[in-house]
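Participant: One file is attached below, start_32.cif, containing mmCIF, C-alpha atoms and all ligand atoms.
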```cif
data_protein
#
loop_
_atom_site.label_atom_id
_atom_site.label_comp_id
_atom_site.auth_asym_id
_atom_site.auth_seq_id
_atom_site.Cartn_x
_atom_site.Cartn_y
_atom_site.Cartn_z
CA MET L 14 64.72 122.95 127.97
CA ARG L 15 64.70 120.82 131.08
CA LEU L 16 64.88 117.80 128.87
CA LEU L 17 67.97 119.16 127.19
CA ALA L 18 69.65 119.79 130.50
CA PHE L 19 68.85 116.25 131.56
CA LEU L 20 70.26 114.85 128.38
CA SER L 21 73.54 116.69 128.62
CA LEU L 22 73.94 115.58 132.22
CA LEU L 23 73.10 112.05 131.21
CA ALA L 24 75.68 112.13 128.46
CA LEU L 25 78.25 113.45 130.91
CA VAL L 26 77.56 110.74 133.44
CA LEU L 27 77.74 108.07 130.80
CA GLN L 28 81.04 109.39 129.60
CA GLU L 29 82.38 109.51 133.10
CA THR L 30 81.45 106.00 134.07
CA GLY L 31 82.08 104.48 130.68
CA THR L 32 79.02 102.35 131.28
CA ALA L 33 77.44 100.97 128.15
CA SER L 34 73.94 102.23 127.90
CA LEU L 35 71.50 100.95 125.42
CA PRO L 36 68.06 102.19 124.58
CA ARG L 37 65.30 100.00 125.88
CA LYS L 38 64.40 98.42 122.57
CA GLU L 39 67.97 97.52 121.86
CA ARG L 40 68.42 95.97 125.26
CA LYS L 41 65.23 93.98 124.87
CA ARG L 42 66.37 92.77 121.50
CA ARG L 43 69.72 91.61 122.81
CA GLU L 44 68.18 89.92 125.80
CA GLU L 45 65.92 88.02 123.51
CA GLN L 46 68.92 86.90 121.56
CA MET L 47 70.34 85.32 124.66
CA PRO L 48 72.54 82.44 123.60
CA ARG L 49 71.07 78.97 123.93
CA GLU L 50 72.87 75.76 124.75
CA GLY L 51 76.24 75.61 123.06
CA ASP L 52 75.72 78.71 121.02
CA SER L 53 78.69 80.90 120.60
CA PHE L 54 78.00 84.43 121.54
CA GLU L 55 79.65 87.62 120.67
CA VAL L 56 80.88 89.66 123.60
CA LEU L 57 79.81 93.23 123.43
CA PRO L 58 82.69 95.48 124.33
CA PRO L 59 81.66 97.81 127.13
CA GLY L 60 81.36 101.47 126.35
CA ASN L 61 80.81 100.88 122.68
CA ASP L 62 77.26 102.01 122.50
CA VAL L 63 77.19 105.75 122.43
CA LEU L 64 73.89 107.51 122.70
CA LYS L 65 72.85 109.06 119.48
CA PRO L 66 70.49 112.02 119.30
CA ASP L 67 67.70 109.95 117.79
CA ASN L 68 67.79 107.58 120.76
CA TYR L 69 67.15 110.25 123.33
CA GLY L 70 63.39 109.98 123.07
CA GLU L 71 63.55 106.39 124.15
CA VAL L 72 65.86 106.99 127.07
CA VAL L 73 63.45 109.45 128.60
CA ASP L 74 60.61 107.01 128.09
CA LEU L 75 58.85 106.70 131.44
CA SER L 76 58.77 102.93 131.66
CA ASN L 77 62.49 102.91 131.12
CA TYR L 78 62.87 105.42 133.89
CA GLU L 79 60.96 103.15 136.22
CA GLU L 80 63.28 100.30 135.38
CA LEU L 81 66.30 102.39 136.23
CA THR L 82 64.98 103.45 139.62
CA ASP L 83 64.89 99.79 140.65
CA TYR L 84 68.54 100.04 141.48
CA GLY L 85 68.12 102.62 144.22
CA ASP L 86 67.35 100.41 147.18
CA GLN L 87 69.74 97.72 146.07
CA LEU L 88 72.85 99.79 146.33
CA PRO L 89 73.83 99.02 149.93
CA GLU L 90 73.45 95.29 149.51
CA VAL L 91 75.71 95.19 146.51
CA LYS L 92 78.35 96.88 148.58
CA VAL L 93 78.07 94.14 151.18
CA THR L 94 78.59 91.36 148.66
CA SER L 95 81.49 93.21 147.13
CA LEU L 96 84.69 91.21 147.47
CA ALA L 97 86.97 94.18 147.50
CA PRO L 98 86.46 97.81 148.35
CA ALA L 99 85.10 99.92 145.55
CA THR L 100 87.90 101.63 143.74
CA SER L 101 86.08 104.79 142.97
CA ILE L 102 82.82 106.41 143.77
CA SER L 103 81.40 108.73 141.23
CA PRO L 104 80.49 112.12 142.60
CA ALA L 105 77.13 111.79 140.89
CA LYS L 106 76.35 108.74 142.99
CA SER L 107 76.88 110.44 146.31
CA THR L 108 74.25 113.00 145.48
CA THR L 109 71.59 110.34 145.27
CA ALA L 110 70.22 108.88 148.45
CA PRO L 111 69.71 105.16 147.89
CA GLY L 112 66.09 104.11 148.00
CA THR L 113 64.72 107.57 147.47
CA PRO L 114 62.60 107.59 144.36
CA SER L 115 63.29 110.84 142.65
CA SER L 116 60.92 112.77 140.49
CA ASN L 117 63.85 113.97 138.48
CA PRO L 118 65.11 111.38 135.98
CA THR L 119 68.60 112.87 136.06
CA MET L 120 69.00 111.47 139.54
CA THR L 121 68.18 107.92 138.61
CA ARG L 122 70.88 107.33 136.07
CA PRO L 123 73.77 108.11 138.41
CA THR L 124 72.28 105.70 140.92
CA THR L 125 72.46 103.02 138.32
CA ALA L 126 76.04 103.89 137.61
CA GLY L 127 76.77 103.82 141.32
CA LEU L 128 75.39 100.35 141.63
CA LEU L 129 77.59 99.12 138.88
CA LEU L 130 80.65 100.46 140.61
CA SER L 131 81.23 97.51 142.86
CA SER L 132 84.77 96.52 142.23
CA GLN L 133 85.98 93.45 140.45
CA PRO L 134 88.83 91.69 142.23
CA ASN L 135 90.98 90.76 139.26
CA HIS L 136 91.08 94.03 137.51
CA GLY L 137 90.11 96.40 140.27
CA LEU L 138 87.32 97.50 137.96
CA PRO L 139 83.58 97.55 138.54
CA THR L 140 81.76 94.43 137.39
CA CYS L 141 79.70 96.19 134.75
CA LEU L 142 82.75 97.80 133.21
CA VAL L 143 84.55 94.48 132.94
CA CYS L 144 81.39 92.58 132.10
CA VAL L 145 78.47 93.75 130.02
CA CYS L 146 75.28 94.32 131.97
CA LEU L 147 72.09 94.47 129.93
CA GLY L 148 68.89 94.65 131.92
CA SER L 149 69.01 91.69 134.26
CA SER L 150 71.71 89.89 132.26
CA VAL L 151 75.42 89.99 133.04
CA TYR L 152 77.84 88.81 130.39
CA CYS L 153 81.39 88.06 131.57
CA ASP L 154 82.58 85.60 128.94
CA ASP L 155 86.26 85.10 128.24
CA ILE L 156 87.81 87.86 130.35
CA ASP L 157 90.19 85.80 132.52
CA LEU L 158 88.03 85.94 135.63
CA GLU L 159 89.36 83.87 138.52
CA ASP L 160 86.38 84.44 140.77
CA ILE L 161 82.70 85.19 140.43
CA PRO L 162 82.57 89.00 140.39
CA PRO L 163 80.16 90.89 142.69
CA LEU L 164 76.87 90.94 140.83
CA PRO L 165 74.03 93.47 140.76
CA ARG L 166 71.18 92.33 142.97
CA ARG L 167 68.77 92.08 140.10
CA THR L 168 70.92 89.71 138.05
CA ALA L 169 68.76 86.98 136.55
CA TYR L 170 71.10 85.64 133.88
CA LEU L 171 74.82 85.25 134.40
CA TYR L 172 77.18 84.20 131.65
CA ALA L 173 80.79 83.76 132.74
CA ARG L 174 82.02 81.19 130.27
CA PHE L 175 85.59 80.60 129.15
CA ASN L 176 87.28 82.03 132.21
CA ARG L 177 89.63 80.65 134.85
CA ILE L 178 87.28 80.45 137.79
CA SER L 179 88.43 77.60 140.02
CA ARG L 180 86.00 77.63 142.90
CA ILE L 181 82.57 78.86 143.86
CA ARG L 182 82.26 80.18 147.39
CA ALA L 183 79.13 80.18 149.52
CA GLU L 184 78.94 83.99 149.40
CA ASP L 185 79.40 84.35 145.64
CA PHE L 186 75.67 84.22 144.89
CA LYS L 187 74.40 85.23 148.30
CA GLY L 188 71.15 87.16 148.15
CA LEU L 189 70.89 86.92 144.36
CA THR L 190 67.41 85.51 144.61
CA LYS L 191 66.46 86.57 141.10
CA LEU L 192 69.06 84.38 139.44
CA LYS L 193 67.47 82.12 136.87
CA ARG L 194 70.44 80.99 134.90
CA ILE L 195 74.08 80.52 135.79
CA ASP L 196 76.35 79.54 132.93
CA LEU L 197 79.94 78.82 133.92
CA SER L 198 80.89 76.57 131.01
CA SER L 199 84.59 76.04 130.35
CA ASN L 200 86.21 77.22 133.54
CA LEU L 201 88.49 75.41 135.99
CA ILE L 202 85.94 74.88 138.73
CA SER L 203 86.99 72.03 140.99
CA SER L 204 85.03 72.91 144.09
CA ILE L 205 81.70 74.47 144.91
CA ASP L 206 80.75 75.26 148.50
CA ASN L 207 77.80 73.14 149.48
CA ASP L 208 75.68 76.22 150.16
CA ALA L 209 76.60 78.23 147.08
CA PHE L 210 73.36 77.50 145.18
CA ARG L 211 71.12 76.17 147.92
CA LEU L 212 69.01 79.29 148.45
CA LEU L 213 68.67 80.34 144.83
CA HIS L 214 65.00 79.46 144.61
CA ALA L 215 64.53 81.08 141.20
CA LEU L 216 67.38 79.15 139.62
CA GLN L 217 66.25 77.14 136.59
CA ASP L 218 69.37 76.50 134.55
CA LEU L 219 72.67 75.52 136.08
CA ILE L 220 75.19 75.14 133.30
CA LEU L 221 78.62 73.85 134.32
CA PRO L 222 80.11 71.76 131.50
CA GLU L 223 83.85 71.55 130.91
CA ASN L 224 85.04 72.08 134.45
CA GLN L 225 86.83 69.87 136.95
CA LEU L 226 84.07 69.01 139.36
CA GLU L 227 84.28 65.74 141.28
CA ALA L 228 81.18 66.41 143.36
CA LEU L 229 77.92 68.31 143.21
CA PRO L 230 76.82 70.73 145.93
CA VAL L 231 73.29 70.85 147.34
CA LEU L 232 71.02 72.01 144.53
CA PRO L 233 67.87 74.11 144.81
CA SER L 234 64.72 72.22 143.91
CA GLY L 235 63.55 74.52 141.09
CA ILE L 236 66.25 73.53 138.63
CA GLU L 237 65.01 72.49 135.19
CA ILE L 238 68.30 72.04 133.36
CA LEU L 239 71.40 70.71 135.04
CA ASP L 240 74.38 70.45 132.76
CA VAL L 241 77.57 69.00 134.27
CA ARG L 242 78.98 67.35 131.17
CA LEU L 243 82.74 66.93 130.75
CA ASN L 244 83.74 67.10 134.39
CA ARG L 245 85.27 64.55 136.76
CA LEU L 246 82.11 63.67 138.60
CA GLN L 247 82.23 60.46 140.59
CA SER L 248 79.20 58.61 141.88
CA SER L 249 80.43 59.25 145.41
CA GLY L 250 80.24 62.97 144.64
CA ILE L 251 76.47 62.86 144.11
CA GLN L 252 74.42 62.72 147.30
CA PRO L 253 72.00 59.78 147.50
CA ALA L 254 68.60 61.02 146.27
CA ALA L 255 70.18 64.30 145.20
CA PHE L 256 67.63 64.70 142.39
CA ARG L 257 64.53 63.27 144.04
CA ALA L 258 63.16 66.59 145.30
CA MET L 259 63.90 68.37 142.03
CA GLU L 260 60.39 68.09 140.69
CA LYS L 261 60.98 70.43 137.79
CA LEU L 262 64.15 68.82 136.51
CA GLN L 263 63.76 68.06 132.83
CA PHE L 264 67.26 67.82 131.44
CA LEU L 265 70.05 66.10 133.31
CA TYR L 266 73.31 66.10 131.40
CA LEU L 267 76.08 64.12 133.09
CA SER L 268 77.93 62.68 130.11
CA ASP L 269 81.72 62.39 129.98
CA ASN L 270 82.36 61.99 133.67
CA LEU L 271 83.59 59.19 135.94
CA LEU L 272 80.25 57.90 137.21
CA ASP L 273 80.03 54.17 137.88
CA SER L 274 76.31 54.06 138.56
CA ILE L 275 73.12 55.73 137.39
CA PRO L 276 72.18 58.34 139.98
CA GLY L 277 68.66 57.87 141.31
CA PRO L 278 65.90 58.11 142.02
CA LEU L 279 65.15 60.30 139.05
CA PRO L 280 62.23 62.74 139.31
CA LEU L 281 59.15 62.07 137.15
CA SER L 282 59.56 65.43 135.44
CA LEU L 283 62.72 64.21 133.71
CA ARG L 284 62.70 64.18 129.93
CA SER L 285 66.31 63.61 129.13
CA VAL L 286 69.17 61.98 131.00
CA HIS L 287 72.56 61.84 129.35
CA LEU L 288 75.08 59.50 130.93
CA GLN L 289 77.16 58.52 127.92
CA ASN L 290 80.91 58.08 128.28
CA ASN L 291 81.03 57.21 131.95
CA LEU L 292 82.09 54.03 133.77
CA ILE L 293 78.65 52.55 134.38
CA GLU L 294 78.70 48.73 134.47
CA THR L 295 75.41 47.90 136.04
CA MET L 296 72.05 49.36 137.01
CA GLN L 297 69.34 48.94 139.62
CA ARG L 298 66.26 47.31 138.19
CA ASP L 299 64.10 50.14 139.53
CA VAL L 300 66.23 53.09 138.44
CA PHE L 301 63.76 54.10 135.71
CA CYS L 302 60.61 52.09 136.41
CA ASP L 303 58.91 51.01 139.62
CA PRO L 304 58.67 47.19 139.40
CA GLU L 305 55.64 47.20 141.72
CA GLU L 306 53.71 49.51 139.43
CA HIS L 307 53.28 47.72 136.16
CA LYS L 308 50.70 50.09 134.78
CA HIS L 309 52.89 53.05 135.46
CA THR L 310 54.49 54.74 132.49
CA ARG L 311 57.08 57.46 132.25
CA ARG L 312 56.10 59.06 129.03
CA GLN L 313 58.29 62.13 129.53
CA LEU L 314 61.55 60.25 129.81
CA GLU L 315 62.24 59.80 126.12
CA ASP L 316 65.94 60.29 125.93
CA ILE L 317 68.31 58.12 127.93
CA ARG L 318 71.90 57.92 126.77
CA LEU L 319 74.06 55.15 128.17
CA ASP L 320 76.37 54.56 125.23
CA GLY L 321 80.08 54.70 125.90
CA ASN L 322 79.67 52.79 129.17
CA PRO L 323 80.77 49.22 129.87
CA ILE L 324 77.18 48.23 130.72
CA ASN L 325 75.45 45.52 128.68
CA LEU L 326 71.88 46.81 128.51
CA SER L 327 70.54 43.38 127.48
CA LEU L 328 71.13 42.15 130.99
CA PHE L 329 68.36 44.33 132.46
CA PRO L 330 65.30 43.50 130.36
CA SER L 331 62.82 44.36 133.12
CA ALA L 332 64.25 47.82 133.73
CA TYR L 333 62.66 49.58 130.75
CA PHE L 334 59.00 48.52 130.67
CA CYS L 335 57.64 51.95 131.65
CA LEU L 336 59.72 53.91 129.16
CA PRO L 337 58.44 55.20 125.83
CA ARG L 338 61.77 54.29 124.26
CA LEU L 339 64.72 52.03 125.08
CA PRO L 340 67.88 53.70 126.31
CA ILE L 341 70.62 54.27 123.79
CA GLY L 342 73.60 52.07 124.46
CA ARG L 343 75.06 48.61 123.95
CA PHE L 344 72.62 45.69 123.91
CA THR L 345 74.96 42.98 122.76
C1 LIG K 1 75.16 41.02 126.74
O1 LIG K 1 74.07 40.33 127.30
C2 LIG K 1 73.43 39.44 126.40
C3 LIG K 1 72.21 38.87 127.12
O2 LIG K 1 72.56 38.21 128.28
C4 LIG K 1 74.41 38.38 125.98
O3 LIG K 1 73.80 37.49 125.02
C5 LIG K 1 75.63 39.02 125.34
O4 LIG K 1 76.60 38.06 125.04
C6 LIG K 1 76.21 40.03 126.31
N1 LIG K 1 77.31 40.74 125.66
C7 LIG K 1 78.51 40.80 126.16
C8 LIG K 1 79.55 41.50 125.33
O5 LIG K 1 78.82 40.25 127.20
#
```
Mind turning this structure into structure tokens?
Facilitator:
Amino acid sequence: MRLLAFLSLLALVLQETGTASLPRKERKRREEQMPREGDSFEVLPPGNDVLKPDNYGEVVDLSNYEELTDYGDQLPEVKVTSLAPATSISPAKSTTAPGTPSSNPTMTRPTTAGLLLSSQPNHGLPTCLVCVCLGSSVYCDDIDLEDIPPLPRRTAYLYARFNRISRIRAEDFKGLTKLKRIDLSSNLISSIDNDAFRLLHALQDLILPENQLEALPVLPSGIEILDVRLNRLQSSGIQPAAFRAMEKLQFLYLSDNLLDSIPGPLPLSLRSVHLQNNLIETMQRDVFCDPEEHKHTRRQLEDIRLDGNPINLSLFPSAYFCLPRLPIGRFT
């Protein structure tokens, strides 16, 4: 009987907030299907997934309940990062004291809803109504965003592709220390505050192709994939030794920009560096290999693209001795 009461309340709250709620398995499945590089991905319209009676068992599942309580102590901080005052506060939310773990599952769901009710500047709507929030992933593709919306504290994966975001401010990702992936492909980003990403120590993938960047901000050292293809990057916009401390960097994609030199030094972790279609005319002899260390090899760095540059790669015969493979480009 208590279960039934909980379920009806839950259904009510869901209806009221319009928040899409998915059973745990479904969420897991969708998270696993997270789009990879260049994949197109279908936006899930919010509020489409209505609880069906046969899902109820899973919603009450205890591990799921635990996951939902996570939100409690994060509520105040989300309010701080909010760019505009919240438009509405659900009555259910005010009955739940943030940070108080409740023994009654009915109290946890409204807290979650409350968290999601930080407002979104463009539409005056909460982020997770405009975007789709699934577990620690936030999907905001193709919804005419002009700014990064306030994000739940637990966000680990952000997809905000195909929008009209033009700048990233220092406070946009402040405190989002769980962020692992930021994908802002195909926006209008022309400036990023130098501190916007600096303290995101969990960040692994920074995906920024098809924007209008002329310079890179300070990057956190844990990045594994940096994708800044199809921008307006100039060599003067990359700090000297910008990548040296990035000891986990494996994929550096800088093709189709305005670079006139190969940025270096490149960390030993690097497996792939794409610099095709830039303005590179020459290279330092030691950009890939250390001339003093003739026994040294760089087995990982298998994929160097320099095609589509004015450089004649034949002119630097001593630059490749440590590589497992010659760079791709013009040798004649
Ligand atoms: C590229 O360099 C090689 C080796 O010096 C030279 O034989 C060749 O003519 C150069 N190609 C161009 C287009 O200058």
Participant: Please produce, as CSV, a per-residue contact table for chain L versus ligand LIG 1 (chain K) (criterion: any atom at most 8 Å away, all atoms listed in the file considered), showing the nearest atom pair and its distance in Å to one decimal, sorted by chain then residue number.
Facilitator:
```
residue,atom,partner,partner_atom,distance
L:Asn325,CA,K:LIG1,C1,4.9
L:Leu326,CA,K:LIG1,C1,6.9
L:Ser327,CA,K:LIG1,O1,4.7
L:Leu328,CA,K:LIG1,O2,5.0
L:Phe344,CA,K:LIG1,C1,6.0
L:Thr345,CA,K:LIG1,N1,4.4
```
Participant: Which residues are near stretch 283-298 of chain L? Cut-off 7 Å, only C-alpha atoms, ignore same chain within fewer than 4 positions. Put them as a PDB file with C-alpha atoms, in the coordinates of the input.
Facilitator:
```pdb
ATOM      1  CA  LEU L 262      64.150  68.820 136.510  1.00  0.00           C
ATOM      2  CA  GLN L 263      63.760  68.060 132.830  1.00  0.00           C
ATOM      3  CA  PHE L 264      67.260  67.820 131.440  1.00  0.00           C
ATOM      4  CA  LEU L 265      70.050  66.100 133.310  1.00  0.00           C
ATOM      5  CA  TYR L 266      73.310  66.100 131.400  1.00  0.00           C
ATOM      6  CA  LEU L 267      76.080  64.120 133.090  1.00  0.00           C
ATOM      7  CA  SER L 268      77.930  62.680 130.110  1.00  0.00           C
ATOM      8  CA  ASP L 269      81.720  62.390 129.980  1.00  0.00           C
ATOM      9  CA  ASN L 270      82.360  61.990 133.670  1.00  0.00           C
ATOM     10  CA  LEU L 271      83.590  59.190 135.940  1.00  0.00           C
ATOM     11  CA  LEU L 272      80.250  57.900 137.210  1.00  0.00           C
ATOM     12  CA  ASP L 273      80.030  54.170 137.880  1.00  0.00           C
ATOM     13  CA  SER L 274      76.310  54.060 138.560  1.00  0.00           C
ATOM     14  CA  ILE L 275      73.120  55.730 137.390  1.00  0.00           C
ATOM     15  CA  GLN L 313      58.290  62.130 129.530  1.00  0.00           C
ATOM     16  CA  LEU L 314      61.550  60.250 129.810  1.00  0.00           C
ATOM     17  CA  GLU L 315      62.240  59.800 126.120  1.00  0.00           C
ATOM     18  CA  ASP L 316      65.940  60.290 125.930  1.00  0.00           C
ATOM     19  CA  ILE L 317      68.310  58.120 127.930  1.00  0.00           C
ATOM     20  CA  ARG L 318      71.900  57.920 126.770  1.00  0.00           C
ATOM     21  CA  LEU L 319      74.060  55.150 128.170  1.00  0.00           C
ATOM     22  CA  ASP L 320      76.370  54.560 125.230  1.00  0.00           C
ATOM     23  CA  GLY L 321      80.080  54.700 125.900  1.00  0.00           C
ATOM     24  CA  ASN L 322      79.670  52.790 129.170  1.00  0.00           C
ATOM     25  CA  PRO L 323      80.770  49.220 129.870  1.00  0.00           C
ATOM     26  CA  ILE L 324      77.180  48.230 130.720  1.00  0.00           C
ATOM     27  CA  PHE L 329      68.360  44.330 132.460  1.00  0.00           C
ATOM     28  CA  SER L 331      62.820  44.360 133.120  1.00  0.00           C
ATOM     29  CA  ALA L 332      64.250  47.820 133.730  1.00  0.00           C
TER      30      ALA L 332
END
```
Participant: Which value, in Å to one decimal, gives the distance between atom CA of L:Leu246 and atom CA of L:Lys193?
Facilitator: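 For atom CA of L:Leu246 relative to atom CA of L:Lys193, the distance reads 23.6 Å.
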Participant: Please identify all polymer residues within 9 Å of L:Arg312, counting all atoms listed in the file, omitting same-chain residues fewer than 5 positions from it, and present them as a list in words.
Facilitator: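 Those residues are Arg284, Cys335, Leu336, Pro337 and Arg338 of chain L.
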Participant: What does the structure give for the distance between atom CA of L:Arg211 and atom CA of L:Pro233, in Å to one decimal?
Facilitator: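 Taking atom CA of L:Arg211 and atom CA of L:Pro233, their separation equals 4.9 Å.
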Participant: Select, from L:Glu237, L:Asp155, L:Glu305, L:Asp160, the residue with the minimum atom-to-atom distance to L:Leu216, counting all atoms listed in the file.
Facilitator: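 Among L:Glu237, L:Asp155, L:Glu305, L:Asp160, it is L:Glu237 that comes nearest to L:Leu216.
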Participant: What separation in Å, quoted to one decimal, exists between atom CA of L:His309 and atom CA of L:Pro340?
Facilitator: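 Rounded to one decimal, the two atoms are 17.6 Å apart.
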Participant: Counting all atoms listed in the file, which residue out of L:Arg257, L:Arg311, L:Arg177, L:Lys187 sits closest to L:Leu232?
Facilitator: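 Distance minimum relative to L:Leu232 lands on L:Arg257.
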Participant: So that all listed atoms of stretch 313-330 of chain L fit with 3 Å spare on each side, what axis-aligned box centre and edge lengths in Å, to one decimal, would you give as AutoDock Vina command-line options?
Facilitator:
```
--center_x 69.5 --center_y 52.1 --center_z 128.8 --size_x 28.5 --size_y 26.0 --size_z 13.2
```
